[in-house]
$ cat input02.cif   # mmCIF, C-alpha atoms
data_my_file
loop_
_atom_site.label_atom_id
_atom_site.label_comp_id
_atom_site.auth_asym_id
_atom_site.auth_seq_id
_atom_site.Cartn_x
_atom_site.Cartn_y
_atom_site.Cartn_z
CA MET Z 84 -6.71 54.98 -76.25
CA TYR Z 85 -6.05 53.12 -72.96
CA ASN Z 86 -8.24 54.39 -70.04
CA ARG Z 87 -6.35 54.74 -66.71
CA GLN Z 88 -9.35 56.07 -64.62
CA PRO Z 89 -10.41 52.67 -63.14
CA GLU Z 90 -6.82 52.03 -61.99
CA ALA Z 91 -6.62 55.43 -60.27
CA LYS Z 92 -9.97 54.92 -58.52
CA GLY Z 93 -8.83 51.52 -57.21
CA CYS Z 94 -5.62 52.96 -55.75
CA LEU Z 95 -7.53 55.80 -54.03
CA THR Z 96 -9.96 53.31 -52.50
CA ILE Z 97 -7.13 51.21 -51.01
CA ILE Z 98 -5.37 54.30 -49.61
CA PHE Z 99 -8.61 55.58 -48.08
CA THR Z 100 -9.32 52.18 -46.47
CA ILE Z 101 -5.83 52.01 -44.92
CA PHE Z 102 -6.11 55.52 -43.45
CA PHE Z 103 -9.61 54.78 -42.17
CA VAL Z 104 -8.45 51.63 -40.33
CA ILE Z 105 -5.49 53.49 -38.82
CA PHE Z 106 -7.87 56.26 -37.77
CA LEU Z 107 -10.17 53.74 -36.02
CA PHE Z 108 -7.23 52.17 -34.15
CA VAL Z 109 -5.96 55.57 -33.05
CA LEU Z 110 -9.45 56.62 -32.03
CA ALA Z 111 -9.98 53.43 -30.01
CA PHE Z 112 -6.59 53.85 -28.33
CA PHE Z 113 -7.23 57.44 -27.26
CA PHE Z 114 -10.73 56.50 -26.17
CA GLY Z 115 -9.16 53.89 -23.87
CA ILE Z 116 -6.77 56.50 -22.47
CA TYR Z 117 -9.74 58.77 -21.89
CA LEU Z 118 -11.53 56.04 -19.94
CA MET Z 119 -8.40 55.43 -17.88
CA PHE Z 120 -8.40 59.05 -16.78
CA LYS Z 121 -12.10 58.97 -16.01
CA ASN Z 122 -12.19 55.59 -14.34
CA ILE Z 123 -9.23 53.32 -14.19
CA VAL Z 124 -11.40 50.21 -13.81
CA PHE Z 125 -13.45 51.01 -16.90
CA GLY Z 126 -10.20 51.78 -18.72
CA LEU Z 127 -8.65 48.44 -17.75
CA VAL Z 128 -11.81 46.54 -18.69
CA TYR Z 129 -11.92 48.42 -21.96
CA PHE Z 130 -8.32 47.52 -22.86
CA LEU Z 131 -8.87 43.89 -21.70
CA VAL Z 132 -11.93 43.52 -23.88
CA ALA Z 133 -10.18 45.28 -26.76
CA GLY Z 134 -7.19 42.91 -26.37
CA LEU Z 135 -9.47 39.85 -26.39
CA LEU Z 136 -11.33 41.12 -29.41
CA PHE Z 137 -8.06 41.90 -31.16
CA GLU Z 138 -6.70 38.41 -30.34
CA LYS Z 139 -9.89 36.81 -31.65
CA TRP Z 140 -9.76 38.96 -34.77
CA ASP Z 141 -6.09 38.06 -35.28
CA LYS Z 142 -6.87 34.33 -34.97
CA ARG Z 143 -9.66 34.67 -37.48
CA ARG Z 144 -7.32 36.62 -39.76
CA LYS Z 145 -4.63 33.92 -39.51
CA THR Z 146 -7.22 31.19 -40.07
CA LYS Z 147 -8.48 33.03 -43.12
CA GLN Z 148 -4.90 33.42 -44.38
CA GLU Z 149 -4.22 29.69 -43.95
CA ASN Z 150 -7.50 28.80 -45.64
CA PHE Z 151 -6.70 31.24 -48.37
CA LYS Z 152 -3.25 29.66 -48.86
CA LYS Z 153 -4.77 26.19 -48.96
CA LEU Z 154 -7.41 27.38 -51.36
CA ALA Z 155 -4.77 29.12 -53.46
CA GLY Z 156 -2.68 25.92 -53.47
CA PHE Z 157 -5.72 23.87 -54.42
CA TYR Z 158 -6.58 26.28 -57.22
CA SER Z 159 -2.94 26.28 -58.30
CA GLN Z 160 -2.93 22.46 -58.49
CA LEU Z 161 -6.29 22.52 -60.20
CA THR Z 162 -5.04 25.10 -62.66
CA LEU Z 163 -1.88 23.05 -63.27
CA ALA Z 164 -3.95 19.90 -63.81
CA GLU Z 165 -6.28 21.76 -66.15
CA GLU Z 166 -3.29 23.20 -68.01
CA THR Z 167 -1.72 19.72 -68.30
CA GLU Z 168 -5.01 18.30 -69.50
CA ARG Z 169 -5.38 21.16 -71.95
CA LYS Z 170 -1.87 20.54 -73.28
CA GLU Z 171 -2.56 16.81 -73.64
CA LYS Z 172 -5.78 17.54 -75.48
CA SER Z 173 -3.99 20.06 -77.63
CA LYS Z 174 -1.27 17.51 -78.36
CA ILE Z 175 -3.82 14.84 -79.26
CA GLU Z 176 -5.72 17.30 -81.42
CA SER Z 177 -2.45 18.36 -83.07
CA GLU Z 178 -1.58 14.71 -83.79
CA LYS Z 179 -5.05 14.10 -85.18
CA GLU Z 180 -4.79 17.25 -87.26
CA TYR Z 181 -1.36 16.13 -88.51
CA GLN Z 182 -2.69 12.69 -89.42
CA ARG Z 183 -5.67 14.26 -91.13
CA LYS Z 184 -3.41 16.52 -93.17
CA GLN Z 185 -1.18 13.55 -94.00
CA GLU Z 186 -4.20 11.63 -95.27
CA GLU Z 187 -5.31 14.62 -97.29
CA PHE Z 188 -1.77 15.00 -98.65
CA LYS Z 189 -1.70 11.35 -99.74
CA LYS Z 190 -4.93 11.85 -101.64
CA LEU Z 191 -3.41 14.70 -103.64
CA PRO Z 192 -2.07 13.99 -107.15
CA VAL Z 193 1.65 13.27 -107.34
CA TRP Z 194 2.39 16.54 -109.11
CA LYS Z 195 0.80 18.51 -106.26
CA GLN Z 196 2.69 16.48 -103.66
CA ARG Z 197 5.95 17.32 -105.44
CA GLY Z 198 5.13 21.01 -105.49
CA TYR Z 199 4.53 21.48 -109.23
CA ALA Z 200 2.08 23.97 -110.65
CA SER Z 201 0.49 21.45 -113.02
CA ASN Z 202 0.62 17.82 -114.07
CA ASN Z 203 2.18 18.79 -117.41
CA GLU Z 204 5.03 20.54 -115.63
CA TYR Z 205 5.58 17.48 -113.42
CA LEU Z 206 5.60 15.10 -116.41
CA ALA Z 207 7.99 17.35 -118.34
CA GLU Z 208 10.41 17.49 -115.39
CA LYS Z 209 10.14 13.72 -114.90
CA GLU Z 210 10.92 13.13 -118.58
CA ARG Z 211 13.88 15.51 -118.36
CA ARG Z 212 15.30 13.65 -115.34
CA ILE Z 213 14.87 10.27 -117.05
CA ARG Z 214 16.69 11.53 -120.14
CA LYS Z 215 19.40 13.04 -117.98
CA ARG Z 216 19.86 9.72 -116.16
CA GLU Z 217 19.96 7.80 -119.43
CA GLN Z 218 22.47 10.29 -120.82
CA ASP Z 219 24.66 9.88 -117.74
CA VAL Z 220 24.54 6.09 -118.09
CA LEU Z 221 25.43 6.30 -121.79
CA LEU Z 222 28.29 8.69 -121.06
CA ALA Z 223 29.63 6.37 -118.37
CA LYS Z 224 29.40 3.36 -120.70
CA SER Z 225 31.02 5.33 -123.49
CA TYR Z 226 33.85 6.39 -121.20
CA LYS Z 227 34.43 2.81 -120.05
CA LEU Z 228 34.33 1.62 -123.66
CA ARG Z 229 36.91 4.25 -124.67
CA GLN Z 230 39.07 3.28 -121.74
CA ARG Z 231 38.82 -0.38 -122.67
CA ARG Z 232 39.61 0.33 -126.32
CA SER Z 233 42.58 2.41 -125.27
CA THR Z 234 43.80 -0.39 -122.99
CA LEU Z 235 43.19 -2.99 -125.70
CA LYS Z 236 45.09 -0.88 -128.21
CA ALA Z 237 48.04 -0.61 -125.85
CA ASN Z 238 47.90 -4.35 -125.19
CA LEU Z 239 47.84 -5.11 -128.92
CA ILE Z 240 51.00 -3.05 -129.26
CA THR Z 241 52.49 -5.24 -126.54
CA ILE Z 242 51.37 -8.37 -128.46
CA ASP Z 243 53.10 -7.06 -131.60
CA ARG Z 244 56.32 -6.75 -129.62
CA LEU Z 245 56.09 -10.44 -128.74
CA MET Z 246 57.26 -11.11 -132.29
CA GLU Z 247 60.67 -9.91 -131.15
CA LEU Z 248 60.93 -12.80 -128.67
CA THR Z 249 62.48 -16.15 -129.46
CA PRO Z 250 60.15 -19.18 -129.57
CA ILE Z 251 61.38 -20.30 -126.13
CA GLU Z 252 60.89 -16.81 -124.67
CA PHE Z 253 57.40 -16.65 -126.18
CA GLU Z 254 56.48 -20.01 -124.64
CA LYS Z 255 57.63 -18.78 -121.22
CA TRP Z 256 55.63 -15.58 -121.66
CA VAL Z 257 52.47 -17.56 -122.51
CA LYS Z 258 53.12 -19.87 -119.57
CA GLN Z 259 53.24 -16.98 -117.08
CA ASN Z 260 50.65 -14.56 -118.53
CA VAL Z 261 48.02 -16.97 -119.84
CA PHE Z 262 47.97 -20.33 -118.09
CA GLU Z 263 49.62 -19.84 -114.70
CA LYS Z 264 47.54 -16.69 -114.33
CA ASP Z 265 44.42 -18.87 -114.70
CA GLY Z 266 45.58 -21.39 -112.13
CA TRP Z 267 47.04 -24.04 -114.43
CA GLY Z 268 50.01 -26.16 -113.48
CA VAL Z 269 52.37 -25.77 -116.48
CA GLU Z 270 55.29 -27.94 -117.55
CA GLU Z 271 57.53 -26.89 -120.42
CA THR Z 272 58.49 -29.56 -122.94
CA ARG Z 273 61.95 -30.03 -124.39
CA THR Z 274 62.87 -27.52 -127.06
CA THR Z 275 63.26 -30.26 -129.67
CA GLY Z 276 61.23 -33.33 -130.45
CA ASP Z 277 58.16 -32.01 -128.63
CA GLY Z 278 55.82 -33.31 -131.36
CA GLY Z 279 53.98 -29.99 -131.56
CA ILE Z 280 53.53 -29.77 -127.79
CA ASP Z 281 55.01 -26.67 -126.18
CA LEU Z 282 53.31 -26.77 -122.77
CA VAL Z 283 51.71 -29.56 -120.74
CA LEU Z 284 48.82 -28.32 -118.58
CA SER Z 285 47.11 -29.80 -115.53
CA ARG Z 286 44.35 -28.44 -113.31
CA ASN Z 287 41.80 -30.22 -111.10
CA GLY Z 288 42.61 -33.59 -112.65
CA GLU Z 289 42.30 -32.27 -116.21
CA HIS Z 290 45.27 -32.75 -118.54
CA SER Z 291 45.71 -30.61 -121.64
CA ILE Z 292 48.42 -29.47 -124.02
CA ALA Z 293 49.24 -26.10 -125.60
CA GLN Z 294 51.04 -25.03 -128.73
CA CYS Z 295 52.47 -21.49 -128.92
CA LYS Z 296 53.14 -19.91 -132.32
CA ARG Z 297 54.34 -16.43 -133.24
CA PHE Z 298 52.52 -15.62 -136.49
CA ARG Z 299 52.09 -12.24 -138.09
CA ASN Z 300 49.47 -13.52 -140.51
CA THR Z 301 46.48 -15.77 -140.01
CA VAL Z 302 46.70 -19.35 -138.82
CA GLY Z 303 45.07 -21.71 -141.33
CA GLU Z 304 43.29 -25.03 -141.06
CA PRO Z 305 46.40 -27.22 -141.66
CA ALA Z 306 48.12 -26.01 -138.50
CA LEU Z 307 45.04 -26.79 -136.43
CA ARG Z 308 44.58 -30.15 -138.14
CA ASP Z 309 48.15 -31.16 -137.20
CA PHE Z 310 47.59 -29.94 -133.63
CA TYR Z 311 44.37 -31.94 -133.39
CA GLY Z 312 46.24 -35.06 -134.52
CA THR Z 313 48.73 -34.52 -131.70
CA MET Z 314 45.87 -34.17 -129.22
CA MET Z 315 44.41 -37.48 -130.34
CA SER Z 316 47.73 -39.27 -130.06
CA GLU Z 317 48.34 -37.84 -126.57
CA GLY Z 318 44.78 -38.64 -125.43
CA VAL Z 319 44.18 -35.26 -123.78
CA SER Z 320 40.75 -33.82 -123.09
CA ARG Z 321 41.50 -30.37 -124.51
CA GLY Z 322 44.10 -28.47 -126.49
CA TYR Z 323 45.07 -24.77 -126.53
CA PHE Z 324 46.48 -23.17 -129.65
CA VAL Z 325 48.04 -19.77 -128.82
CA THR Z 326 49.17 -17.35 -131.53
CA THR Z 327 50.09 -13.71 -131.96
CA GLY Z 328 48.12 -13.68 -135.20
CA LEU Z 329 44.50 -14.42 -136.09
CA PHE Z 330 42.68 -17.60 -137.15
CA SER Z 331 41.28 -17.96 -140.66
CA LEU Z 332 37.61 -18.78 -141.21
CA SER Z 333 38.50 -22.32 -142.33
CA ALA Z 334 40.51 -22.84 -139.15
CA GLN Z 335 37.64 -21.57 -137.00
CA LYS Z 336 35.20 -23.84 -138.82
CA PHE Z 337 37.50 -26.85 -138.35
CA ALA Z 338 37.79 -26.28 -134.58
CA GLN Z 339 34.11 -25.49 -134.13
CA ASP Z 340 33.08 -29.00 -133.01
CA LYS Z 341 36.41 -30.05 -131.50
CA PRO Z 342 37.94 -29.54 -128.03
CA ILE Z 343 40.36 -26.94 -129.33
CA VAL Z 344 40.58 -23.56 -127.58
CA MET Z 345 41.88 -20.90 -129.96
CA ILE Z 346 43.66 -17.94 -128.35
CA ASP Z 347 44.58 -15.25 -130.88
CA ARG Z 348 46.06 -11.74 -130.49
CA ARG Z 349 42.75 -10.25 -129.37
CA LEU Z 350 42.28 -12.74 -126.53
CA LEU Z 351 45.92 -12.31 -125.53
CA ALA Z 352 45.35 -8.55 -125.34
CA GLN Z 353 42.27 -9.08 -123.14
CA LYS Z 354 44.22 -11.31 -120.77
CA LEU Z 355 46.66 -8.46 -120.20
CA GLU Z 356 43.89 -6.20 -118.84
#
$ encode --input "input02.cif" --output "structure tokens"
Amino acid sequence: MYNRQPEAKGCLTIIFTIFFVIFLFVLAFFFGIYLMFKNIVFGLVYFLVAGLLFEKWDKRRKTKQENFKKLAGFYSQLTLAEETERKEKSKIESEKEYQRKQEEFKKLPVWKQRGYASNNEYLAEKERRIRKREQDVLLAKSYKLRQRRSTLKANLITIDRLMELTPIEFEKWVKQNVFEKDGWGVEETRTTGDGGIDLVLSRNGEHSIAQCKRFRNTVGEPALRDFYGTMMSEGVSRGYFVTTGLFSLSAQKFAQDKPIVMIDRRLLAQKLE
């Protein structure tokens, strides 16, 4: 329990001192009055000496107060400097402590740094995240593949509808959607007597020809052989054979080592994407 007796004693001492000083002043004053009645000269001398003593005491009191203020200011500055120094030391010690803890943290195993209870738990969670990431990648690839298949299927339906076009309309469609799209300069040949050449192509100094055929079935080797003969007679560097069908194995084998670019229904569908 808090003891209040020392506080009470201190207050009583201060009160007693104040009353005692007042009592001395009153006593000195009345003693001076008494001397004045007895002998006015002694009374005047008494008050003169008392005044001088009081003035001297007051000067000393003021000097002490000034010295005390200076000393208090000095101690205040000293305390402030010590406090600043203490804070700087505390800051430096805190930084050192932080660095020390950082070094200790770096020395810990990875599973402890990540806040796991054991290494097995950390490895299990790591494996789970890797599998989750792989699963997300596979799902994304699968979605893109489904989207591409869906688009390709729709484009193949469009290719099938090309069979409804006339040969001239089909040539114009190939011109716009295949060659001009790839930056070729395209010139259409006359509808008759073209010698198997439907389009004349030019790009960056390269001259080529193209033949456009609407086939439902496969394109065989004879068609490619005739086209290759036309290429040789025209002296072009490359030839493009475009069809709505597919190329037979013999046709693919024939064109394997020749500058013939075969564009079938699947490639046409991809170009529409």
$ closest_residue --input "input02.cif" --among "Z:Ser316, Z:Gln294, Z:Thr162, Z:Gln185" --to "Z:Ile346" --atoms "all atoms listed in the file"
Z:Gln294
$ atom_distance --input "input02.cif" --atom1 "atom CA of Z:Thr249" --atom2 "atom CA of Z:Arg299"
14.1 Å
$ axis_aligned_box --input "input02.cif" --around "stretch 311-324 of chain Z" --padding-each-side "8 Å" --output "JSON"
{"center_x": 44.7, "center_y": -31.2, "center_z": -128.8, "size_x": 24.0, "size_y": 32.1, "size_z": 27.4}
$ residues_near_point --input "input02.cif" --point "(40.1, -27.5, -139.7)" --cutoff "7 Å" --atoms "only C-alpha atoms" --output "list in words"
Glu304, Pro305, Leu307, Arg308, Ser333, Ala334, Gln335, Lys336, Phe337 and Ala338 of chain Z
$ atom_distance --input "input02.cif" --atom1 "atom CA of Z:Phe330" --atom2 "atom CA of Z:Phe298"
10.1 Å
$ closest_residue --input "input02.cif" --among "Z:Leu154, Z:Leu355, Z:Leu206, Z:Ile242" --to "Z:Val193" --atoms "only C-alpha atoms"
Z:Leu206
$ closest_residue --input "input02.cif" --among "Z:Gly303, Z:Ala111, Z:Lys354, Z:Arg183" --to "Z:Gln259" --atoms "only C-alpha atoms"
Z:Lys354
$ atom_distance --input "input02.cif" --atom1 "atom CA of Z:Arg321" --atom2 "atom CA of Z:Ser291"
5.1 Å
$ resolve_selection --input "input02.cif" --expression "the PyMOL selection byres ((chain Z and resi 267) around 10)" --output "count of residues only"
19
$ resolve_selection --input "input02.cif" --expression "the PyMOL selection byres ((chain Z and resi 250) around 12)" --output "list of chain:residue names"
Z:Leu245, Z:Met246, Z:Glu247, Z:Leu248, Z:Thr249, Z:Ile251, Z:Glu252, Z:Phe253, Z:Glu254, Z:Lys255, Z:Trp256, Z:Val257, Z:Thr274, Z:Thr275, Z:Asp281, Z:Gln294, Z:Cys295, Z:Lys296, Z:Arg297, Z:Phe298, Z:Thr326, Z:Thr327
$ resolve_selection --input "input02.cif" --expression "the PyMOL selection byres ((chain Z and resi 324) around 6)" --output "PyMOL selection string"
chain Z and resi 293-294+323+325+345
$ write_last_selection --input "input02.cif" --atoms "C-alpha atoms" --output "mmCIF file, in the coordinates of the input"
data_model
loop_
_atom_site.group_PDB
_atom_site.id
_atom_site.type_symbol
_atom_site.label_atom_id
_atom_site.label_comp_id
_atom_site.auth_asym_id
_atom_site.auth_seq_id
_atom_site.Cartn_x
_atom_site.Cartn_y
_atom_site.Cartn_z
ATOM 1 C CA ALA Z 293 49.240 -26.100 -125.600
ATOM 2 C CA GLN Z 294 51.040 -25.030 -128.730
ATOM 3 C CA TYR Z 323 45.070 -24.770 -126.530
ATOM 4 C CA VAL Z 325 48.040 -19.770 -128.820
ATOM 5 C CA MET Z 345 41.880 -20.900 -129.960
#
$ closest_residue --input "input02.cif" --among "Z:Phe114, Z:Tyr129, Z:Ile292, Z:Val302" --to "Z:Val344" --atoms "all atoms listed in the file"
Z:Ile292
$ decode --input "input02.cif" --residues "stretch 296-356 of chain Z" --atoms "C-alpha atoms" --output "PDB file, in the first residue's frame"
ATOM      1  CA  LYS Z 296      -8.788 -25.603-107.713  1.00  0.00           C
ATOM      2  CA  ARG Z 297     -12.058 -26.422-105.968  1.00  0.00           C
ATOM      3  CA  PHE Z 298     -11.831 -30.151-105.219  1.00  0.00           C
ATOM      4  CA  ARG Z 299     -13.952 -32.142-102.820  1.00  0.00           C
ATOM      5  CA  ASN Z 300     -11.642 -35.144-102.994  1.00  0.00           C
ATOM      6  CA  THR Z 301      -7.876 -35.425-102.872  1.00  0.00           C
ATOM      7  CA  VAL Z 302      -5.553 -33.872-105.422  1.00  0.00           C
ATOM      8  CA  GLY Z 303      -3.341 -36.529-107.014  1.00  0.00           C
ATOM      9  CA  GLU Z 304       0.145 -36.520-108.480  1.00  0.00           C
ATOM     10  CA  PRO Z 305      -0.930 -35.853-112.115  1.00  0.00           C
ATOM     11  CA  ALA Z 306      -2.374 -32.437-111.276  1.00  0.00           C
ATOM     12  CA  LEU Z 307       0.837 -31.422-109.533  1.00  0.00           C
ATOM     13  CA  ARG Z 308       2.966 -32.839-112.337  1.00  0.00           C
ATOM     14  CA  ASP Z 309       1.097 -30.692-114.893  1.00  0.00           C
ATOM     15  CA  PHE Z 310       1.450 -27.646-112.636  1.00  0.00           C
ATOM     16  CA  TYR Z 311       5.180 -28.266-112.259  1.00  0.00           C
ATOM     17  CA  GLY Z 312       5.518 -28.404-116.051  1.00  0.00           C
ATOM     18  CA  THR Z 313       3.845 -24.997-116.274  1.00  0.00           C
ATOM     19  CA  MET Z 314       6.263 -23.634-113.667  1.00  0.00           C
ATOM     20  CA  MET Z 315       9.231 -24.835-115.696  1.00  0.00           C
ATOM     21  CA  SER Z 316       7.911 -23.311-118.895  1.00  0.00           C
ATOM     22  CA  GLU Z 317       7.228 -19.968-117.163  1.00  0.00           C
ATOM     23  CA  GLY Z 318      10.632 -19.987-115.420  1.00  0.00           C
ATOM     24  CA  VAL Z 319       9.275 -18.967-112.007  1.00  0.00           C
ATOM     25  CA  SER Z 320      11.086 -19.587-108.745  1.00  0.00           C
ATOM     26  CA  ARG Z 321       8.079 -21.024-106.917  1.00  0.00           C
ATOM     27  CA  GLY Z 322       4.536 -22.217-107.496  1.00  0.00           C
ATOM     28  CA  TYR Z 323       1.472 -22.316-105.208  1.00  0.00           C
ATOM     29  CA  PHE Z 324      -1.209 -24.943-105.658  1.00  0.00           C
ATOM     30  CA  VAL Z 325      -4.352 -24.001-103.700  1.00  0.00           C
ATOM     31  CA  THR Z 326      -7.257 -26.411-103.244  1.00  0.00           C
ATOM     32  CA  THR Z 327     -10.323 -26.881-101.086  1.00  0.00           C
ATOM     33  CA  GLY Z 328      -9.490 -30.579-100.852  1.00  0.00           C
ATOM     34  CA  LEU Z 329      -6.473 -32.522 -99.594  1.00  0.00           C
ATOM     35  CA  PHE Z 330      -3.308 -33.790-101.308  1.00  0.00           C
ATOM     36  CA  SER Z 331      -2.712 -37.509-101.769  1.00  0.00           C
ATOM     37  CA  LEU Z 332       0.453 -39.148-100.458  1.00  0.00           C
ATOM     38  CA  SER Z 333       1.801 -39.552-104.002  1.00  0.00           C
ATOM     39  CA  ALA Z 334       1.234 -35.857-104.664  1.00  0.00           C
ATOM     40  CA  GLN Z 335       3.014 -34.903-101.437  1.00  0.00           C
ATOM     41  CA  LYS Z 336       5.926 -37.183-102.305  1.00  0.00           C
ATOM     42  CA  PHE Z 337       6.178 -35.685-105.806  1.00  0.00           C
ATOM     43  CA  ALA Z 338       6.329 -32.107-104.472  1.00  0.00           C
ATOM     44  CA  GLN Z 339       8.691 -32.964-101.630  1.00  0.00           C
ATOM     45  CA  ASP Z 340      11.894 -31.897-103.430  1.00  0.00           C
ATOM     46  CA  LYS Z 341      10.344 -29.283-105.716  1.00  0.00           C
ATOM     47  CA  PRO Z 342       9.548 -25.576-105.224  1.00  0.00           C
ATOM     48  CA  ILE Z 343       5.840 -26.266-104.976  1.00  0.00           C
ATOM     49  CA  VAL Z 344       3.885 -24.889-102.007  1.00  0.00           C
ATOM     50  CA  MET Z 345       0.763 -26.969-101.369  1.00  0.00           C
ATOM     51  CA  ILE Z 346      -2.120 -25.175 -99.652  1.00  0.00           C
ATOM     52  CA  ASP Z 347      -5.003 -27.513 -98.812  1.00  0.00           C
ATOM     53  CA  ARG Z 348      -8.243 -27.020 -96.852  1.00  0.00           C
ATOM     54  CA  ARG Z 349      -6.481 -27.198 -93.495  1.00  0.00           C
ATOM     55  CA  LEU Z 350      -4.003 -24.432 -94.345  1.00  0.00           C
ATOM     56  CA  LEU Z 351      -6.816 -22.348 -95.812  1.00  0.00           C
ATOM     57  CA  ALA Z 352      -8.715 -22.729 -92.537  1.00  0.00           C
ATOM     58  CA  GLN Z 353      -5.639 -21.616 -90.557  1.00  0.00           C
ATOM     59  CA  LYS Z 354      -5.249 -18.530 -92.731  1.00  0.00           C
ATOM     60  CA  LEU Z 355      -8.767 -17.481 -91.771  1.00  0.00           C
ATOM     61  CA  GLU Z 356      -7.840 -17.335 -88.060  1.00  0.00           C
TER      62      GLU Z 356
END
